[in-house]
$ cat model09.pdb   # PDB, C-alpha atoms, pLDDT in the B column
ATOM      1  CA  MET M   1       8.188  26.016 -15.315  1.00 39.00           C
ATOM      2  CA  ASN M   2       7.270  22.635 -13.819  1.00 39.00           C
ATOM      3  CA  GLU M   3       6.233  22.346 -10.188  1.00 41.00           C
ATOM      4  CA  PRO M   4       8.898  20.534  -8.119  1.00 41.00           C
ATOM      5  CA  THR M   5       7.956  16.938  -7.387  1.00 42.00           C
ATOM      6  CA  SER M   6       8.676  17.476  -3.687  1.00 45.00           C
ATOM      7  CA  LYS M   7       5.471  19.558  -3.366  1.00 59.00           C
ATOM      8  CA  LYS M   8       3.339  16.608  -4.485  1.00 76.00           C
ATOM      9  CA  ALA M   9       2.339  14.002  -1.928  1.00 82.00           C
ATOM     10  CA  ILE M  10       4.502  10.906  -1.758  1.00 92.00           C
ATOM     11  CA  TYR M  11       2.486   7.914  -0.605  1.00 96.00           C
ATOM     12  CA  SER M  12       4.261   5.744   1.933  1.00 97.00           C
ATOM     13  CA  LEU M  13       2.684   2.273   1.841  1.00 98.00           C
ATOM     14  CA  GLU M  14       3.354  -0.934   3.751  1.00 98.00           C
ATOM     15  CA  LEU M  15       2.031  -4.275   2.535  1.00 98.00           C
ATOM     16  CA  TYR M  16       1.925  -7.074   5.099  1.00 98.00           C
ATOM     17  CA  VAL M  17       1.919 -10.627   3.755  1.00 98.00           C
ATOM     18  CA  SER M  18       2.722 -14.075   5.097  1.00 96.00           C
ATOM     19  CA  GLY M  19       5.224 -16.194   3.228  1.00 96.00           C
ATOM     20  CA  GLU M  20       5.323 -16.873  -0.492  1.00 94.00           C
ATOM     21  CA  SER M  21       1.777 -18.163  -0.812  1.00 95.00           C
ATOM     22  CA  PHE M  22      -0.497 -17.617  -3.799  1.00 96.00           C
ATOM     23  CA  ILE M  23      -2.454 -14.999  -1.826  1.00 96.00           C
ATOM     24  CA  SER M  24       0.705 -13.133  -0.795  1.00 96.00           C
ATOM     25  CA  ASN M  25       2.126 -13.146  -4.318  1.00 97.00           C
ATOM     26  CA  ARG M  26      -1.194 -11.992  -5.790  1.00 97.00           C
ATOM     27  CA  ALA M  27      -1.402  -9.134  -3.251  1.00 97.00           C
ATOM     28  CA  ILE M  28       2.165  -8.039  -4.051  1.00 97.00           C
ATOM     29  CA  GLU M  29       1.457  -8.078  -7.798  1.00 97.00           C
ATOM     30  CA  SER M  30      -1.839  -6.197  -7.419  1.00 97.00           C
ATOM     31  CA  VAL M  31      -0.459  -3.481  -5.159  1.00 97.00           C
ATOM     32  CA  THR M  32       2.695  -3.041  -7.237  1.00 97.00           C
ATOM     33  CA  SER M  33       0.604  -2.737 -10.387  1.00 96.00           C
ATOM     34  CA  LEU M  34      -1.744  -0.218  -8.751  1.00 95.00           C
ATOM     35  CA  CYS M  35       1.193   1.867  -7.541  1.00 95.00           C
ATOM     36  CA  ASN M  36       2.875   1.849 -10.950  1.00 95.00           C
ATOM     37  CA  ASP M  37      -0.348   2.657 -12.826  1.00 92.00           C
ATOM     38  CA  VAL M  38      -1.935   5.197 -10.487  1.00 92.00           C
ATOM     39  CA  LEU M  39       0.756   6.700  -8.259  1.00 92.00           C
ATOM     40  CA  GLN M  40       3.399   6.693 -11.014  1.00 90.00           C
ATOM     41  CA  GLY M  41       6.607   7.196  -9.066  1.00 88.00           C
ATOM     42  CA  ARG M  42       4.994   9.056  -6.175  1.00 93.00           C
ATOM     43  CA  TYR M  43       5.089   6.179  -3.737  1.00 95.00           C
ATOM     44  CA  GLU M  44       7.315   4.151  -1.475  1.00 97.00           C
ATOM     45  CA  LEU M  45       6.158   0.564  -1.062  1.00 98.00           C
ATOM     46  CA  LYS M  46       7.574  -1.597   1.696  1.00 98.00           C
ATOM     47  CA  ILE M  47       6.642  -5.297   1.694  1.00 98.00           C
ATOM     48  CA  ILE M  48       6.789  -6.972   5.089  1.00 98.00           C
ATOM     49  CA  ASP M  49       6.669 -10.772   5.302  1.00 98.00           C
ATOM     50  CA  LEU M  50       5.333 -11.603   8.754  1.00 97.00           C
ATOM     51  CA  GLN M  51       6.881 -15.072   8.619  1.00 96.00           C
ATOM     52  CA  LYS M  52      10.281 -13.392   8.517  1.00 97.00           C
ATOM     53  CA  ASP M  53       9.411 -10.521  10.860  1.00 95.00           C
ATOM     54  CA  PRO M  54       6.568 -11.668  13.165  1.00 95.00           C
ATOM     55  CA  GLU M  55       7.229  -8.863  15.652  1.00 96.00           C
ATOM     56  CA  LYS M  56       5.854  -6.371  13.095  1.00 94.00           C
ATOM     57  CA  ALA M  57       2.429  -8.010  13.417  1.00 94.00           C
ATOM     58  CA  VAL M  58       2.417  -7.037  17.083  1.00 94.00           C
ATOM     59  CA  THR M  59       3.799  -3.522  16.690  1.00 93.00           C
ATOM     60  CA  GLU M  60       1.426  -2.676  13.809  1.00 92.00           C
ATOM     61  CA  ASN M  61      -1.583  -4.631  15.181  1.00 93.00           C
ATOM     62  CA  ILE M  62      -1.824  -6.823  12.078  1.00 95.00           C
ATOM     63  CA  VAL M  63      -4.277  -9.679  12.575  1.00 94.00           C
ATOM     64  CA  VAL M  64      -5.159 -10.510   8.957  1.00 95.00           C
ATOM     65  CA  VAL M  65      -2.991 -10.688   5.846  1.00 96.00           C
ATOM     66  CA  PRO M  66      -2.753  -9.261   3.350  1.00 98.00           C
ATOM     67  CA  THR M  67      -3.025  -5.810   4.930  1.00 97.00           C
ATOM     68  CA  LEU M  68      -2.054  -2.631   3.108  1.00 98.00           C
ATOM     69  CA  ILE M  69      -1.388   0.487   5.183  1.00 97.00           C
ATOM     70  CA  ARG M  70      -1.019   4.040   3.946  1.00 97.00           C
ATOM     71  CA  LYS M  71       1.395   5.590   6.456  1.00 96.00           C
ATOM     72  CA  SER M  72       1.529   8.960   4.748  1.00 95.00           C
ATOM     73  CA  PRO M  73       0.182  11.330   3.882  1.00 93.00           C
ATOM     74  CA  GLU M  74      -1.636  11.358   7.182  1.00 93.00           C
ATOM     75  CA  PRO M  75      -4.061  10.254   8.453  1.00 94.00           C
ATOM     76  CA  LYS M  76      -3.033   6.613   8.399  1.00 95.00           C
ATOM     77  CA  ARG M  77      -5.417   4.317   6.495  1.00 96.00           C
ATOM     78  CA  GLN M  78      -5.510   0.559   5.975  1.00 95.00           C
ATOM     79  CA  ILE M  79      -7.291  -2.001   3.883  1.00 96.00           C
ATOM     80  CA  ILE M  80      -7.460  -5.676   4.762  1.00 96.00           C
ATOM     81  CA  GLY M  81      -8.040  -8.757   2.640  1.00 93.00           C
ATOM     82  CA  ASP M  82      -8.532  -8.953  -1.111  1.00 91.00           C
ATOM     83  CA  LEU M  83      -6.522  -6.262  -2.883  1.00 95.00           C
ATOM     84  CA  GLN M  84      -7.516  -7.224  -6.447  1.00 93.00           C
ATOM     85  CA  ASN M  85      -9.953  -4.370  -7.108  1.00 93.00           C
ATOM     86  CA  PRO M  86      -7.923  -1.172  -7.647  1.00 92.00           C
ATOM     87  CA  GLU M  87     -10.923   1.132  -7.125  1.00 93.00           C
ATOM     88  CA  ARG M  88     -11.744  -0.550  -3.798  1.00 94.00           C
ATOM     89  CA  VAL M  89      -8.126  -0.263  -2.667  1.00 95.00           C
ATOM     90  CA  MET M  90      -7.954   3.401  -3.638  1.00 93.00           C
ATOM     91  CA  ARG M  91     -11.236   4.113  -1.843  1.00 94.00           C
ATOM     92  CA  GLY M  92     -10.063   2.256   1.266  1.00 93.00           C
ATOM     93  CA  LEU M  93      -6.785   4.158   1.360  1.00 92.00           C
ATOM     94  CA  GLU M  94      -8.476   7.434   0.378  1.00 90.00           C
ATOM     95  CA  ILE M  95      -6.315   7.932  -2.694  1.00 87.00           C
ATOM     96  CA  HIS M  96      -8.172  10.163  -5.127  1.00 80.00           C
ATOM     97  CA  ARG M  97      -7.147  10.380  -8.762  1.00 71.00           C
ATOM     98  CA  THR M  98      -7.831  14.124  -8.776  1.00 60.00           C
ATOM     99  CA  SER M  99      -5.260  14.698  -6.026  1.00 61.00           C
ATOM    100  CA  LEU M 100      -2.613  13.013  -8.183  1.00 64.00           C
ATOM    101  CA  ILE M 101      -2.762  15.533 -11.010  1.00 59.00           C
TER     102      ILE M 101
END
$ encode --input "model09.pdb" --output "structure tokens"
Amino acid sequence: MNEPTSKKAIYSLELYVSGESFISNRAIESVTSLCNDVLQGRYELKIIDLQKDPEKAVTENIVVVPTLIRKSPEPKRQIIGDLQNPERVMRGLEIHRTSLI
């Protein structure tokens, strides 16, 4: 019998970007691709555009974009800047391939 999906960790991620710039679009594509390839349905990704919701920058202490935050599972982790290297992003967010099996 298969283990219920609810027992596996669901990664709650927030990606902070600013507008529809090349850097923002590239970050969105990279993170979405990483989530689809590595987390395979075990994630919730929320994209926050700080031009549309500048108050979030204050409440989440965002000073640089793009910023990717792992809200859960705890503890909270974040990675700032270039999100092109999937291994670097996974290391920064402490997502281990072995824990995804």
$ closest_residue --input "model09.pdb" --among "M:Gly19, M:Gly41, M:Pro54, M:Pro66" --to "M:Gln84" --atoms "only C-alpha atoms"
M:Pro66
$ resolve_selection --input "model09.pdb" --expression "the PyMOL selection byres ((chain M and resi 25) around 12)" --output "list of chain:residue names"
M:Leu15, M:Tyr16, M:Val17, M:Ser18, M:Gly19, M:Glu20, M:Ser21, M:Phe22, M:Ile23, M:Ser24, M:Arg26, M:Ala27, M:Ile28, M:Glu29, M:Ser30, M:Val31, M:Thr32, M:Ile47, M:Asp49, M:Val65, M:Pro66, M:Asp82, M:Leu83, M:Gln84
$ closest_residue --input "model09.pdb" --among "M:Glu74, M:Lys46, M:Cys35, M:Lys8" --to "M:Val89" --atoms "all atoms listed in the file"
M:Cys35
$ resolve_selection --input "model09.pdb" --expression "the PyMOL selection byres ((chain M and resi 92) around 10)" --output "JSON, numbers by chain"
{"M": [68, 69, 70, 77, 78, 79, 80, 86, 87, 88, 89, 90, 91, 93, 94, 95]}
$ atom_distance --input "model09.pdb" --atom1 "atom CA of M:Leu50" --atom2 "atom CA of M:Val63"
10.5 Å
$ resolve_selection --input "model09.pdb" --expression "the PyMOL selection byres ((chain M and resi 42) around 8)" --output "PyMOL selection string"
chain M and resi 8-11+39-41+43-44
$ atom_distance --input "model09.pdb" --atom1 "atom CA of M:Val64" --atom2 "atom CA of M:Asn36"
24.8 Å
$ closest_residue --input "model09.pdb" --among "M:Asn85, M:Thr59, M:Arg97, M:Glu14" --to "M:Leu45" --atoms "only C-alpha atoms"
M:Glu14
$ closest_residue --input "model09.pdb" --among "M:Ser33, M:Val38, M:Ile62, M:His96" --to "M:Gly81" --atoms "all atoms listed in the file"
M:Ile62
$ axis_aligned_box --input "model09.pdb" --around "stretch 86-100 of chain M" --padding-each-side "6 Å" --output "lines of an AutoDock Vina configuration file"
center_x = -7.2
center_y = 6.8
center_z = -3.7
size_x = 21.1
size_y = 27.9
size_z = 22.1
$ atom_distance --input "model09.pdb" --atom1 "atom CA of M:Lys56" --atom2 "atom CA of M:Lys71"
14.4 Å
$ decode --input "model09.pdb" --residues "stretch 30-69 of chain M" --atoms "C-alpha atoms" --output "PDB file, in the first residue's frame"
ATOM      1  CA  SER M  30      14.098  28.993 -12.694  1.00  0.00           C
ATOM      2  CA  VAL M  31      12.212  28.453  -9.448  1.00  0.00           C
ATOM      3  CA  THR M  32       9.153  27.027 -11.202  1.00  0.00           C
ATOM      4  CA  SER M  33      11.358  24.631 -13.146  1.00  0.00           C
ATOM      5  CA  LEU M  34      13.219  23.566  -9.994  1.00  0.00           C
ATOM      6  CA  CYS M  35       9.945  22.956  -8.162  1.00  0.00           C
ATOM      7  CA  ASN M  36       8.485  20.924 -11.024  1.00  0.00           C
ATOM      8  CA  ASP M  37      11.661  18.868 -11.520  1.00  0.00           C
ATOM      9  CA  VAL M  38      12.726  18.291  -7.918  1.00  0.00           C
ATOM     10  CA  LEU M  39       9.722  18.758  -5.634  1.00  0.00           C
ATOM     11  CA  GLN M  40       7.271  17.206  -8.117  1.00  0.00           C
ATOM     12  CA  GLY M  41       3.917  18.301  -6.744  1.00  0.00           C
ATOM     13  CA  ARG M  42       5.073  18.596  -3.138  1.00  0.00           C
ATOM     14  CA  TYR M  43       5.253  22.363  -3.075  1.00  0.00           C
ATOM     15  CA  GLU M  44       3.216  25.526  -2.909  1.00  0.00           C
ATOM     16  CA  LEU M  45       4.853  28.455  -4.675  1.00  0.00           C
ATOM     17  CA  LYS M  46       3.607  31.975  -4.098  1.00  0.00           C
ATOM     18  CA  ILE M  47       5.062  34.743  -6.286  1.00  0.00           C
ATOM     19  CA  ILE M  48       4.961  38.202  -4.743  1.00  0.00           C
ATOM     20  CA  ASP M  49       5.616  41.244  -6.938  1.00  0.00           C
ATOM     21  CA  LEU M  50       6.855  43.981  -4.622  1.00  0.00           C
ATOM     22  CA  GLN M  51       5.836  46.672  -7.105  1.00  0.00           C
ATOM     23  CA  LYS M  52       2.240  45.571  -6.598  1.00  0.00           C
ATOM     24  CA  ASP M  53       2.549  44.796  -2.884  1.00  0.00           C
ATOM     25  CA  PRO M  54       5.389  46.933  -1.441  1.00  0.00           C
ATOM     26  CA  GLU M  55       4.186  46.415   2.133  1.00  0.00           C
ATOM     27  CA  LYS M  56       5.333  42.771   1.914  1.00  0.00           C
ATOM     28  CA  ALA M  57       8.934  43.978   1.605  1.00  0.00           C
ATOM     29  CA  VAL M  58       8.592  45.566   5.032  1.00  0.00           C
ATOM     30  CA  THR M  59       6.742  42.723   6.738  1.00  0.00           C
ATOM     31  CA  GLU M  60       9.132  40.060   5.377  1.00  0.00           C
ATOM     32  CA  ASN M  61      12.307  42.209   5.620  1.00  0.00           C
ATOM     33  CA  ILE M  62      13.042  41.896   1.898  1.00  0.00           C
ATOM     34  CA  VAL M  63      15.848  44.221   0.830  1.00  0.00           C
ATOM     35  CA  VAL M  64      17.049  42.487  -2.349  1.00  0.00           C
ATOM     36  CA  VAL M  65      15.114  40.804  -5.148  1.00  0.00           C
ATOM     37  CA  PRO M  66      14.818  38.137  -6.207  1.00  0.00           C
ATOM     38  CA  THR M  67      14.497  36.476  -2.798  1.00  0.00           C
ATOM     39  CA  LEU M  68      13.185  32.949  -2.344  1.00  0.00           C
ATOM     40  CA  ILE M  69      11.956  31.928   1.108  1.00  0.00           C
TER      41      ILE M  69
END
